[in-house]
>>> print(open('final.cif').read())   # mmCIF, C-alpha atoms
data_entry
loop_
_atom_site.label_atom_id
_atom_site.label_comp_id
_atom_site.auth_asym_id
_atom_site.auth_seq_id
_atom_site.Cartn_x
_atom_site.Cartn_y
_atom_site.Cartn_z
CA MET L 1 21.26 40.04 -1.87
CA LYS L 2 22.45 36.75 -3.33
CA THR L 3 19.42 34.97 -1.88
CA LYS L 4 17.06 37.58 -3.32
CA MET L 5 18.63 37.19 -6.76
CA HIS L 6 18.54 33.42 -6.40
CA ASP L 7 14.86 33.53 -5.41
CA PHE L 8 14.05 35.84 -8.31
CA ALA L 9 15.85 33.58 -10.81
CA GLY L 10 14.11 30.59 -9.22
CA ARG L 11 10.70 32.17 -9.73
CA HIS L 12 11.55 33.19 -13.32
CA PRO L 13 13.55 30.35 -14.87
CA TRP L 14 13.70 32.14 -18.23
CA ILE L 15 15.74 35.02 -16.82
CA LYS L 16 19.17 33.34 -16.90
CA PRO L 17 19.08 32.12 -20.53
CA ALA L 18 17.57 35.47 -21.54
CA VAL L 19 20.46 37.39 -19.93
CA VAL L 20 23.09 35.15 -21.57
CA ILE L 21 21.40 35.27 -24.99
CA GLY L 22 21.00 39.07 -24.68
CA LEU L 23 24.66 39.56 -23.78
CA VAL L 24 25.88 37.22 -26.54
CA SER L 25 23.68 39.06 -29.06
CA PHE L 26 25.13 42.36 -27.82
CA CYS L 27 28.66 40.96 -28.34
CA VAL L 28 27.76 39.80 -31.85
CA ALA L 29 26.41 43.30 -32.61
CA LEU L 30 29.63 44.86 -31.28
CA GLU L 31 31.69 42.49 -33.41
CA VAL L 32 29.77 43.42 -36.52
CA LEU L 33 29.62 47.15 -35.80
CA ILE L 34 33.05 47.88 -34.30
CA HIS L 35 35.20 45.12 -35.73
CA ALA L 36 33.72 44.41 -39.15
CA TYR L 37 32.31 47.88 -39.92
CA LEU L 38 34.69 50.31 -38.13
CA ASN L 39 37.68 47.96 -38.41
CA ILE L 40 38.67 48.34 -34.71
CA ALA L 41 39.89 45.04 -33.28
CA VAL L 42 40.92 45.97 -29.72
CA ALA L 43 39.28 46.98 -26.40
CA PHE L 44 35.66 46.12 -27.27
CA THR L 45 36.41 42.37 -26.91
CA HIS L 46 36.65 42.90 -23.13
CA ILE L 47 32.86 43.07 -23.18
CA PHE L 48 32.91 39.42 -24.38
CA TYR L 49 34.06 38.35 -20.93
CA LEU L 50 30.70 39.47 -19.52
CA PRO L 51 28.55 36.67 -21.07
CA ILE L 52 31.44 34.21 -20.67
CA VAL L 53 31.83 34.87 -16.92
CA ILE L 54 28.08 34.99 -16.26
CA ALA L 55 27.53 31.75 -18.22
CA GLY L 56 30.47 30.22 -16.31
CA ILE L 57 28.82 31.08 -12.98
CA TRP L 58 25.38 29.84 -14.00
CA TYR L 59 26.11 27.00 -16.42
CA TYR L 60 29.62 25.99 -15.33
CA LYS L 61 31.81 24.48 -18.08
CA LYS L 62 29.06 24.88 -20.69
CA ALA L 63 30.32 28.49 -20.90
CA VAL L 64 33.20 27.12 -23.01
CA VAL L 65 30.70 26.69 -25.88
CA ILE L 66 29.87 30.42 -25.74
CA ALA L 67 33.59 31.24 -25.55
CA LEU L 68 34.29 29.07 -28.60
CA LEU L 69 31.42 30.69 -30.48
CA LEU L 70 32.55 34.26 -29.70
CA GLY L 71 36.21 33.36 -30.30
CA ALA L 72 35.47 31.76 -33.68
CA MET L 73 33.38 34.74 -34.72
CA HIS L 74 36.17 37.15 -33.68
CA ILE L 75 38.84 35.17 -35.60
CA ALA L 76 36.61 34.91 -38.67
CA VAL L 77 35.87 38.65 -38.77
CA GLU L 78 39.58 39.39 -38.22
CA TYR L 79 40.48 36.91 -41.02
CA PHE L 80 38.19 38.54 -43.53
CA THR L 81 38.92 42.20 -42.57
CA MET L 82 42.70 41.65 -42.56
CA GLY L 83 42.69 40.20 -46.09
CA PHE L 84 42.47 36.50 -45.34
CA VAL L 85 45.30 36.47 -42.78
CA PHE L 86 45.13 34.82 -39.33
CA GLU L 87 46.08 37.59 -36.89
CA PRO L 88 47.95 36.09 -33.84
CA ALA L 89 46.39 38.68 -31.47
CA ALA L 90 42.88 37.54 -32.40
CA LEU L 91 43.88 33.91 -31.85
CA VAL L 92 45.24 34.77 -28.39
CA ARG L 93 42.05 36.68 -27.51
CA ALA L 94 39.89 33.75 -28.60
CA ALA L 95 42.06 31.31 -26.62
CA MET L 96 41.71 33.54 -23.53
CA PHE L 97 37.91 33.44 -23.88
CA VAL L 98 38.01 29.64 -23.72
CA VAL L 99 40.51 29.55 -20.82
CA VAL L 100 38.50 32.08 -18.77
CA ALA L 101 35.25 30.19 -19.48
CA PHE L 102 36.82 26.91 -18.36
CA VAL L 103 38.38 28.36 -15.18
CA ILE L 104 35.26 30.27 -14.10
CA GLY L 105 33.04 27.29 -14.93
CA SER L 106 35.21 24.87 -12.95
CA LEU L 107 35.52 27.17 -9.92
CA SER L 108 31.81 27.95 -9.89
CA GLU L 109 30.88 24.28 -10.18
CA SER L 110 33.15 23.18 -7.32
CA LYS L 111 31.97 26.11 -5.14
CA ASP L 112 28.30 25.23 -5.69
CA LEU L 113 28.93 21.52 -5.13
CA PHE L 114 30.66 22.34 -1.85
CA ALA L 115 27.77 24.63 -0.80
CA ALA L 116 25.20 21.96 -1.71
CA GLU L 117 27.10 19.33 0.28
CA ARG L 118 27.33 21.66 3.29
CA GLU L 119 23.60 22.41 3.02
CA ARG L 120 22.79 18.71 2.82
CA LYS L 121 24.90 17.96 5.92
CA HIS L 122 23.36 20.89 7.78
CA LYS L 123 19.82 19.70 6.97
CA ALA L 124 20.71 16.18 8.07
CA LEU L 125 22.13 17.50 11.34
CA VAL L 126 19.07 19.68 12.02
CA GLY L 127 16.81 16.68 11.33
CA PHE L 128 18.93 14.55 13.62
CA ILE L 129 18.82 17.13 16.43
CA ALA L 130 15.03 17.47 16.05
CA GLU L 131 14.61 13.68 16.25
CA VAL L 132 16.88 13.34 19.27
CA GLY L 133 15.16 16.31 20.95
CA LEU L 134 11.85 14.54 20.47
CA ARG L 135 13.33 11.32 21.79
CA ILE L 136 14.36 13.14 24.95
CA LYS L 137 11.41 15.46 25.60
CA THR L 138 8.60 12.90 25.36
CA PRO L 139 10.42 10.14 27.25
CA MET L 140 11.33 12.60 30.03
CA SER L 141 7.64 13.42 30.52
CA VAL L 142 6.89 9.67 30.53
CA ILE L 143 9.55 9.11 33.23
CA ARG L 144 8.32 12.09 35.26
CA GLU L 145 4.79 10.70 35.19
CA ASN L 146 5.96 7.17 36.01
CA LEU L 147 7.94 8.47 38.99
CA GLY L 148 4.88 10.42 40.13
CA GLU L 149 2.84 7.21 39.91
CA ILE L 150 5.45 5.33 41.93
CA GLY L 151 5.40 8.09 44.56
CA ARG L 152 1.61 7.95 44.76
CA GLY L 153 1.73 4.15 44.92
CA ILE L 154 4.10 4.27 47.90
CA GLU L 155 2.12 7.03 49.60
CA THR L 156 -1.20 5.22 49.36
CA GLY L 157 0.37 1.83 50.07
CA GLU L 158 -1.05 0.48 46.81
CA MET L 159 2.32 -0.65 45.50
CA GLU L 160 4.25 -3.40 47.16
CA LYS L 161 8.03 -3.25 47.59
CA GLU L 162 8.51 -5.68 44.69
CA GLU L 163 6.43 -3.48 42.39
CA VAL L 164 8.22 -0.29 43.46
CA LEU L 165 11.60 -1.88 42.75
CA ALA L 166 10.50 -3.15 39.35
CA ALA L 167 9.01 0.22 38.42
CA LEU L 168 12.19 2.03 39.50
CA GLN L 169 14.36 -0.35 37.49
CA VAL L 170 12.28 0.42 34.41
CA GLN L 171 12.74 4.16 34.98
CA ILE L 172 16.52 3.63 35.33
CA SER L 173 16.55 1.74 32.01
CA HIS L 174 14.54 4.50 30.35
CA ALA L 175 16.93 7.16 31.72
CA GLU L 176 20.01 5.18 30.63
CA LYS L 177 18.63 4.90 27.13
CA ILE L 178 17.87 8.63 27.00
CA LEU L 179 21.44 9.31 28.13
CA ALA L 180 22.75 7.05 25.37
CA THR L 181 20.62 8.95 22.84
CA LEU L 182 22.02 12.23 24.16
CA ARG L 183 25.57 10.92 23.79
CA GLU L 184 24.73 9.87 20.26
CA LEU L 185 23.55 13.41 19.54
CA ASN L 186 26.76 14.90 20.91
CA GLN L 187 28.81 12.46 18.86
CA GLY L 188 26.86 13.47 15.78
CA VAL L 189 27.53 17.17 16.47
CA VAL L 190 31.23 16.49 17.12
CA ASP L 191 31.59 14.45 13.94
CA GLU L 192 29.88 17.19 11.94
CA GLN L 193 31.80 20.12 13.41
CA LYS L 194 35.48 19.37 12.84
CA ASP L 195 36.58 22.72 14.26
CA ILE L 196 35.43 21.98 17.85
CA PRO L 197 38.47 22.14 20.17
CA GLU L 198 39.69 18.81 21.52
CA SER L 199 38.80 19.62 25.16
CA TYR L 200 35.16 20.44 24.26
CA ARG L 201 35.02 17.43 21.96
CA ASP L 202 35.98 15.25 24.93
CA LEU L 203 33.43 16.96 27.21
CA LEU L 204 30.62 16.48 24.69
CA THR L 205 31.26 12.81 24.11
CA ARG L 206 32.10 11.81 27.70
CA MET J 1 -12.04 9.75 29.58
CA THR J 2 -15.09 9.43 27.38
CA PHE J 3 -13.75 6.98 24.80
CA SER J 4 -15.85 3.85 24.69
CA LEU J 5 -15.65 0.70 22.62
CA HIS J 6 -19.36 0.03 23.10
CA GLY J 7 -21.32 -0.14 19.90
CA THR J 8 -18.23 -0.58 17.74
CA ASP J 9 -18.93 -3.90 16.04
CA ASP J 10 -16.46 -3.15 13.27
CA LYS J 11 -12.89 -4.23 13.81
CA LYS J 12 -11.33 -0.84 13.93
CA LEU J 13 -7.89 0.53 14.66
CA TYR J 14 -7.73 3.51 17.00
CA LEU J 15 -5.00 5.94 17.92
CA LEU J 16 -5.77 7.27 21.37
CA LEU J 17 -3.98 10.47 22.34
CA SER J 18 -3.87 11.42 26.00
CA SER J 19 -1.73 13.48 28.33
CA ALA J 20 1.09 11.68 30.17
CA GLN J 21 -0.97 12.01 33.38
CA THR J 22 -4.00 10.14 32.06
CA MET J 23 -2.15 7.49 30.05
CA LYS J 24 -2.20 4.86 32.81
CA GLN J 25 -5.87 5.54 33.51
CA ALA J 26 -6.64 5.24 29.80
CA ASN J 27 -4.91 1.86 29.64
CA LEU J 28 -6.84 0.63 32.71
CA SER J 29 -10.27 1.73 31.58
CA ILE J 30 -9.79 0.34 28.05
CA VAL J 31 -8.62 -3.09 29.26
CA ARG J 32 -11.42 -3.10 31.85
CA GLU J 33 -14.01 -2.34 29.20
CA ILE J 34 -12.64 -4.96 26.79
CA THR J 35 -12.62 -7.76 29.36
CA ALA J 36 -15.90 -6.72 31.00
CA SER J 37 -17.69 -7.16 27.68
CA GLY J 38 -16.33 -10.70 27.35
CA ASN J 39 -13.58 -9.91 24.88
CA ALA J 40 -9.89 -10.73 25.15
CA ALA J 41 -7.06 -8.22 25.25
CA ILE J 42 -3.46 -8.47 24.17
CA VAL J 43 -1.48 -5.77 25.94
CA ILE J 44 1.81 -4.92 24.26
CA THR J 45 3.82 -3.05 26.84
CA THR J 46 7.06 -1.13 26.59
CA ASN J 47 6.57 0.95 29.74
CA GLN J 48 4.89 -0.93 32.59
CA PRO J 49 6.37 -4.38 33.27
CA TYR J 50 4.16 -7.45 33.40
CA LEU J 51 4.50 -7.73 37.19
CA ILE J 52 3.06 -4.26 37.75
CA LEU J 53 0.36 -4.49 35.08
CA ARG J 54 -0.85 -7.85 36.37
CA LYS J 55 -1.18 -6.53 39.92
CA LEU J 56 -2.72 -3.28 38.72
CA TYR J 57 -5.33 -5.10 36.63
CA GLY J 58 -5.94 -7.51 39.52
CA ARG J 59 -6.59 -4.65 41.93
CA GLU J 60 -9.02 -3.11 39.42
CA GLY J 61 -10.96 -6.38 39.24
CA ILE J 62 -10.01 -7.14 35.66
CA ASP J 63 -10.33 -10.79 34.66
CA LEU J 64 -6.68 -11.70 34.03
CA SER J 65 -7.55 -14.88 32.16
CA LYS J 66 -8.79 -12.63 29.35
CA VAL J 67 -5.60 -10.59 29.19
CA HIS J 68 -2.44 -11.69 27.38
CA PHE J 69 0.79 -9.75 27.55
CA VAL J 70 3.63 -9.10 25.13
CA ASP J 71 6.14 -7.56 27.51
CA ALA J 72 9.17 -5.87 25.95
CA ILE J 73 10.46 -4.15 29.07
CA THR J 74 10.77 -6.74 31.88
CA ARG J 75 13.70 -8.68 30.46
CA TYR J 76 15.44 -5.49 29.37
CA ALA J 77 15.02 -3.44 32.54
CA ILE J 78 14.64 -5.99 35.33
CA GLY J 79 16.64 -8.83 33.83
CA LYS J 80 14.53 -11.78 34.97
CA VAL J 81 10.92 -12.68 34.33
CA PRO J 82 8.47 -13.67 37.10
CA ASP J 83 8.39 -17.44 37.68
CA ASP J 84 4.61 -17.48 37.91
CA ALA J 85 4.06 -15.54 34.69
CA ALA J 86 0.98 -16.66 32.79
CA ASN J 87 -0.40 -15.57 29.42
CA ALA J 88 2.76 -13.59 28.77
CA ILE J 89 5.55 -13.52 26.21
CA PHE J 90 8.69 -11.64 27.16
CA VAL J 91 10.72 -9.94 24.46
CA ASN J 92 14.39 -9.15 25.10
CA SER J 93 14.21 -5.44 24.39
CA PRO J 94 11.81 -2.82 23.04
CA GLU J 95 14.43 -2.29 20.31
CA ASN J 96 13.98 -5.85 19.09
CA LEU J 97 11.09 -5.28 16.72
CA THR J 98 11.51 -8.62 14.95
CA ASP J 99 10.96 -10.55 18.18
CA MET J 100 8.12 -8.25 19.15
CA GLY J 101 6.43 -8.87 15.80
CA ILE J 102 6.87 -12.63 16.23
CA ALA J 103 5.47 -12.48 19.77
CA ILE J 104 2.41 -10.53 18.63
CA THR J 105 1.77 -12.95 15.75
CA GLN J 106 2.22 -15.94 18.08
CA THR J 107 -0.18 -14.51 20.68
CA LEU J 108 -2.77 -13.72 18.03
CA LYS J 109 -2.50 -17.31 16.78
CA GLU J 110 -2.93 -18.71 20.29
CA MET J 111 -6.06 -16.66 20.80
CA GLU J 112 -7.61 -17.41 17.40
CA GLY J 113 -11.38 -17.62 17.49
CA GLN J 114 -11.79 -15.10 20.30
CA ASN J 115 -12.85 -11.50 19.89
CA ILE J 116 -9.49 -9.83 20.43
CA PHE J 117 -8.45 -6.25 21.06
CA VAL J 118 -4.75 -5.42 20.84
CA VAL J 119 -3.72 -2.59 23.18
CA PHE J 120 -0.36 -1.00 22.41
CA ASP J 121 1.06 0.89 25.42
CA SER J 122 2.62 3.09 24.25
CA VAL J 123 3.95 4.66 21.05
CA SER J 124 5.49 7.49 23.11
CA THR J 125 7.54 5.14 25.29
CA MET J 126 8.86 3.45 22.17
CA LEU J 127 10.47 6.80 21.30
CA ILE J 128 12.95 6.13 24.12
CA TYR J 129 14.25 3.07 22.29
CA LEU J 130 13.52 3.63 18.62
CA SER J 131 13.64 6.33 15.98
CA SER J 132 10.41 7.81 14.62
CA VAL J 133 11.09 6.08 11.30
CA ASN J 134 11.38 2.63 12.88
CA ILE J 135 8.33 3.19 15.07
CA SER J 136 6.33 4.19 12.02
CA LYS J 137 7.46 1.06 10.13
CA PHE J 138 6.62 -1.17 13.10
CA ILE J 139 3.18 0.35 13.68
CA HIS J 140 2.51 -0.03 9.98
CA PHE J 141 3.46 -3.70 10.21
CA VAL J 142 1.28 -4.29 13.29
CA SER J 143 -1.71 -2.38 11.93
CA SER J 144 -1.53 -4.22 8.58
CA ARG J 145 -1.36 -7.53 10.42
CA LEU J 146 -4.40 -6.61 12.55
CA LYS J 147 -6.35 -5.51 9.48
CA ILE J 148 -5.58 -8.80 7.70
CA LEU J 149 -6.59 -10.85 10.74
CA ASP J 150 -9.66 -8.65 11.32
CA VAL J 151 -8.61 -7.74 14.86
CA SER J 152 -9.26 -4.45 16.66
CA GLY J 153 -6.27 -2.41 17.79
CA ILE J 154 -5.75 0.51 20.13
CA PHE J 155 -2.51 2.47 20.01
CA LEU J 156 -1.91 4.71 23.00
CA ALA J 157 0.30 7.77 22.66
CA VAL J 158 1.08 10.88 24.66
CA GLU J 159 -0.62 13.82 23.06
CA LYS J 160 1.81 16.49 21.72
CA GLY J 161 4.65 14.06 22.33
CA LEU J 162 4.93 12.89 18.77
CA ASP J 163 6.73 14.32 15.79
CA PRO J 164 4.05 15.83 13.47
CA LEU J 165 5.32 13.67 10.60
CA LEU J 166 5.10 10.50 12.71
CA LEU J 167 1.64 11.51 13.92
CA THR J 168 0.50 12.05 10.33
CA GLN J 169 1.83 8.63 9.35
CA LEU J 170 0.17 6.94 12.34
CA THR J 171 -3.09 8.66 11.46
CA THR J 172 -3.02 7.00 8.04
CA PHE J 173 -2.52 3.55 9.60
CA VAL J 174 -5.57 3.74 11.89
CA ASP J 175 -9.29 4.18 11.27
CA GLU J 176 -9.90 6.74 13.98
CA VAL J 177 -7.88 9.16 16.08
CA VAL J 178 -9.35 9.99 19.50
CA ASP J 179 -8.00 12.79 21.66
CA LEU J 180 -8.98 11.61 25.13
CA ASP J 181 -8.34 14.95 26.83
CA GLU J 182 -10.33 16.84 24.21
CA SER J 183 -13.25 14.39 24.39
CA ALA J 184 -13.18 14.60 28.22
CA GLU J 185 -13.43 18.42 28.02
CA GLY J 186 -16.16 18.26 25.38
#
>>> encode(input="final.cif", output="structure tokens")
Amino acid sequence: MKTKMHDFAGRHPWIKPAVVIGLVSFCVALEVLIHAYLNIAVAFTHIFYLPIVIAGIWYYKKAVVIALLLGAMHIAVEYFTMGFVFEPAALVRAAMFVVVAFVIGSLSESKDLFAAERERKHKALVGFIAEVGLRIKTPMSVIRENLGEIGRGIETGEMEKEEVLAALQVQISHAEKILATLRELNQGVVDEQKDIPESYRDLLTR
Amino acid sequence: MTFSLHGTDDKKLYLLLSSAQTMKQANLSIVREITASGNAAIVITTNQPYLILRKLYGREGIDLSKVHFVDAITRYAIGKVPDDAANAIFVNSPENLTDMGIAITQTLKEMEGQNIFVVFDSVSTMLIYLSSVNISKFIHFVSSRLKILDVSGIFLAVEKGLDPLLLTQLTTFVDEVVDLDESAEG
């Protein structure tokens, strides 16, 4: 669901600002209609949290600007409707808008940063595994073919003892290097996955 | 094996793709063709040691005086180099690309004036010792060097054994890509 929404917003970059602007405009209309016109100062301000929270999720701490704007508007309307008196309740409401915007913005920012970092590490690990896989698969087929050649050389008597020994030593070196690459892969996995139990960690890196 | 260097007067760089089974045969027939037409070959090897290649070429009737070797595997895998080694430079390890680059440059300098073909055997074996990124950088270095010096080059690689990204990069470094198995079928 989240991915679908994310994809949709990605395809239509105008959608997020449009939603925030729409909700802020709705809040301004409520302020004018309910607060200024009907002289009701309570309950409707809960709607203000909607654009503040949404902006906090999407635009992080920039949501504080919207909170300040809505808060200032609310205090101003209260000031004029109450006969040029600063009502403490309106001040508290406006302060809460700013606090909520800051908290939601901060939490959302750190959550997304953490997710981005995890994604980056995951991509790096997948790339590393693909590279190591390649560096095992192809060399193994090279070794298999070389060993086949050595076998054929012995069978037909084409290869002398000295050549067979040299060829086998090369295959041992190739195999040792592949093993080292495999160990490197395991180490990479172990370093990445901190929650692997100690016994398995030891087995993987042995 | 239908790849032939005949009629290619231009100094070109080729990437020859073959199956693991036909790789050795590809190496043999290319070096045979190069030397038979009076040209010189520099064989850069990371798989078959000098000792084996020399005997193999000898058995196939290849003129060894026309073949120079840059051997990156003998010292690393066997430890000592043959006492009677001729026309060969031994690099400590296939991982030591700096020394390999120096050895190639030195051999090319020694053979200046001759019509040279550099045979690189093989990109796939290098994957044992190096990452795709480093292989790509090294092949780029070698191919640029060959282009500057106007020398032909043949890079052998196991077909389907390369990372698609690496293969794409290698394709941009060479003039022609030849799939030996495909051309043999065709």
>>> residues_around(input="final.cif", residues="Gly105 of chain L", least_positions_apart="4", cutoff="8 Å", atoms="all atoms listed in the file", output="list in words")
Val53, Ala55, Gly56, Ile57, Tyr59, Tyr60, Lys61, Lys62, Ala63, Ala101 and Glu109 of chain L
>>> write_last_selection(input="final.cif", atoms="C-alpha atoms", output="PDB file, in the coordinates of the input")
ATOM      1  CA  VAL L  53      31.830  34.870 -16.920  1.00  0.00           C
ATOM      2  CA  ALA L  55      27.530  31.750 -18.220  1.00  0.00           C
ATOM      3  CA  GLY L  56      30.470  30.220 -16.310  1.00  0.00           C
ATOM      4  CA  ILE L  57      28.820  31.080 -12.980  1.00  0.00           C
ATOM      5  CA  TYR L  59      26.110  27.000 -16.420  1.00  0.00           C
ATOM      6  CA  TYR L  60      29.620  25.990 -15.330  1.00  0.00           C
ATOM      7  CA  LYS L  61      31.810  24.480 -18.080  1.00  0.00           C
ATOM      8  CA  LYS L  62      29.060  24.880 -20.690  1.00  0.00           C
ATOM      9  CA  ALA L  63      30.320  28.490 -20.900  1.00  0.00           C
ATOM     10  CA  ALA L 101      35.250  30.190 -19.480  1.00  0.00           C
ATOM     11  CA  GLU L 109      30.880  24.280 -10.180  1.00  0.00           C
TER      12      GLU L 109
END
>>> residues_near_point(input="final.cif", point="(-9.2, -0.7, 23.2)", cutoff="8 Å", atoms="all atoms listed in the file", output="mmCIF file with C-alpha atoms, in the coordinates of the input")
data_model
loop_
_atom_site.group_PDB
_atom_site.id
_atom_site.type_symbol
_atom_site.label_atom_id
_atom_site.label_comp_id
_atom_site.auth_asym_id
_atom_site.auth_seq_id
_atom_site.Cartn_x
_atom_site.Cartn_y
_atom_site.Cartn_z
ATOM 1 C CA LEU J 5 -15.650 0.700 22.620
ATOM 2 C CA TYR J 14 -7.730 3.510 17.000
ATOM 3 C CA ILE J 30 -9.790 0.340 28.050
ATOM 4 C CA VAL J 31 -8.620 -3.090 29.260
ATOM 5 C CA GLU J 33 -14.010 -2.340 29.200
ATOM 6 C CA ILE J 34 -12.640 -4.960 26.790
ATOM 7 C CA PHE J 117 -8.450 -6.250 21.060
ATOM 8 C CA VAL J 118 -4.750 -5.420 20.840
ATOM 9 C CA VAL J 119 -3.720 -2.590 23.180
ATOM 10 C CA SER J 152 -9.260 -4.450 16.660
ATOM 11 C CA GLY J 153 -6.270 -2.410 17.790
ATOM 12 C CA ILE J 154 -5.750 0.510 20.130
#
>>> closest_residue(input="final.cif", among="J:Asp10, J:Glu95, J:Asp163, J:Glu176", to="chain L", atoms="only C-alpha atoms")
J:Asp163
>>> interface_residues(input="final.cif", of="chain J", to="chain L", cutoff="10 Å", atoms="only C-alpha atoms", output="PyMOL selection string")
chain J and resi 19-24+46-53+55-56+59+73-74+76-79+124-133+158-163
>>> closest_residue(input="final.cif", among="J:Leu156, J:Phe90, J:Ala26, J:Ala36", to="Val67 of chain J", atoms="all atoms listed in the file")
J:Ala36
>>> closest_residue(input="final.cif", among="J:Ala41, J:Leu165, J:Leu15, J:Leu108", to="Leu146 of chain J", atoms="all atoms listed in the file")
J:Leu108
>>> residues_around(input="final.cif", residues="Val42 of chain L", least_positions_apart="2", cutoff="12 Å", atoms="only C-alpha atoms", output="ChimeraX atom specification")
/L:30-31,34-36,38-40,44-48,74,78,89-90,93
>>> write_last_selection(input="final.cif", atoms="C-alpha atoms", output="PDB file, in the coordinates of the input")
ATOM      1  CA  LEU L  30      29.630  44.860 -31.280  1.00  0.00           C
ATOM      2  CA  GLU L  31      31.690  42.490 -33.410  1.00  0.00           C
ATOM      3  CA  ILE L  34      33.050  47.880 -34.300  1.00  0.00           C
ATOM      4  CA  HIS L  35      35.200  45.120 -35.730  1.00  0.00           C
ATOM      5  CA  ALA L  36      33.720  44.410 -39.150  1.00  0.00           C
ATOM      6  CA  LEU L  38      34.690  50.310 -38.130  1.00  0.00           C
ATOM      7  CA  ASN L  39      37.680  47.960 -38.410  1.00  0.00           C
ATOM      8  CA  ILE L  40      38.670  48.340 -34.710  1.00  0.00           C
ATOM      9  CA  PHE L  44      35.660  46.120 -27.270  1.00  0.00           C
ATOM     10  CA  THR L  45      36.410  42.370 -26.910  1.00  0.00           C
ATOM     11  CA  HIS L  46      36.650  42.900 -23.130  1.00  0.00           C
ATOM     12  CA  ILE L  47      32.860  43.070 -23.180  1.00  0.00           C
ATOM     13  CA  PHE L  48      32.910  39.420 -24.380  1.00  0.00           C
ATOM     14  CA  HIS L  74      36.170  37.150 -33.680  1.00  0.00           C
ATOM     15  CA  GLU L  78      39.580  39.390 -38.220  1.00  0.00           C
ATOM     16  CA  ALA L  89      46.390  38.680 -31.470  1.00  0.00           C
ATOM     17  CA  ALA L  90      42.880  37.540 -32.400  1.00  0.00           C
ATOM     18  CA  ARG L  93      42.050  36.680 -27.510  1.00  0.00           C
TER      19      ARG L  93
END
>>> atom_distance(input="final.cif", atom1="atom CA of Asn92 of chain J", atom2="atom CA of Ala72 of chain J")
6.2 Å
>>> atom_distance(input="final.cif", atom1="atom CA of His68 of chain J", atom2="atom CA of Gly157 of chain L")
26.6 Å
>>> residues_around(input="final.cif", residues="Gly22 of chain L", least_positions_apart="5", cutoff="12 Å", atoms="all atoms listed in the file", output="PyMOL selection string")
chain L and resi 14-17+27-29+48+50-51+54-55
>>> atom_distance(input="final.cif", atom1="atom CA of Pro94 of chain J", atom2="atom CA of Gly113 of chain J")
28.1 Å
>>> decode(input="final.cif", residues="segment 63-94 of chain J", atoms="C-alpha atoms", output="PDB file, in the first residue's frame")
ATOM      1  CA  ASP J  63      57.723 -20.871 -33.882  1.00  0.00           C
ATOM      2  CA  LEU J  64      58.581 -19.955 -30.279  1.00  0.00           C
ATOM      3  CA  SER J  65      61.043 -17.265 -31.299  1.00  0.00           C
ATOM      4  CA  LYS J  66      58.026 -15.235 -32.433  1.00  0.00           C
ATOM      5  CA  VAL J  67      56.179 -15.626 -29.146  1.00  0.00           C
ATOM      6  CA  HIS J  68      56.847 -13.525 -26.047  1.00  0.00           C
ATOM      7  CA  PHE J  69      55.179 -14.203 -22.732  1.00  0.00           C
ATOM      8  CA  VAL J  70      53.996 -12.026 -19.862  1.00  0.00           C
ATOM      9  CA  ASP J  71      53.314 -14.712 -17.288  1.00  0.00           C
ATOM     10  CA  ALA J  72      51.382 -13.661 -14.180  1.00  0.00           C
ATOM     11  CA  ILE J  73      50.688 -17.122 -12.810  1.00  0.00           C
ATOM     12  CA  THR J  74      53.994 -19.071 -12.620  1.00  0.00           C
ATOM     13  CA  ARG J  75      55.569 -17.108  -9.782  1.00  0.00           C
ATOM     14  CA  TYR J  76      52.281 -16.950  -7.894  1.00  0.00           C
ATOM     15  CA  ALA J  77      51.207 -20.589  -8.218  1.00  0.00           C
ATOM     16  CA  ILE J  78      54.433 -22.533  -8.707  1.00  0.00           C
ATOM     17  CA  GLY J  79      56.812 -20.246  -6.848  1.00  0.00           C
ATOM     18  CA  LYS J  80      59.865 -20.525  -9.095  1.00  0.00           C
ATOM     19  CA  VAL J  81      60.387 -19.708 -12.738  1.00  0.00           C
ATOM     20  CA  PRO J  82      62.021 -22.112 -15.230  1.00  0.00           C
ATOM     21  CA  ASP J  83      65.785 -21.586 -15.485  1.00  0.00           C
ATOM     22  CA  ASP J  84      65.722 -21.849 -19.262  1.00  0.00           C
ATOM     23  CA  ALA J  85      62.922 -19.331 -19.721  1.00  0.00           C
ATOM     24  CA  ALA J  86      63.306 -17.236 -22.852  1.00  0.00           C
ATOM     25  CA  ASN J  87      61.237 -14.343 -24.185  1.00  0.00           C
ATOM     26  CA  ALA J  88      59.295 -14.240 -20.943  1.00  0.00           C
ATOM     27  CA  ILE J  89      58.621 -11.766 -18.153  1.00  0.00           C
ATOM     28  CA  PHE J  90      57.228 -13.177 -14.929  1.00  0.00           C
ATOM     29  CA  VAL J  91      54.914 -11.041 -12.825  1.00  0.00           C
ATOM     30  CA  ASN J  92      54.509 -11.826  -9.118  1.00  0.00           C
ATOM     31  CA  SER J  93      50.750 -12.213  -9.132  1.00  0.00           C
ATOM     32  CA  PRO J  94      47.740 -11.706 -11.401  1.00  0.00           C
TER      33      PRO J  94
END
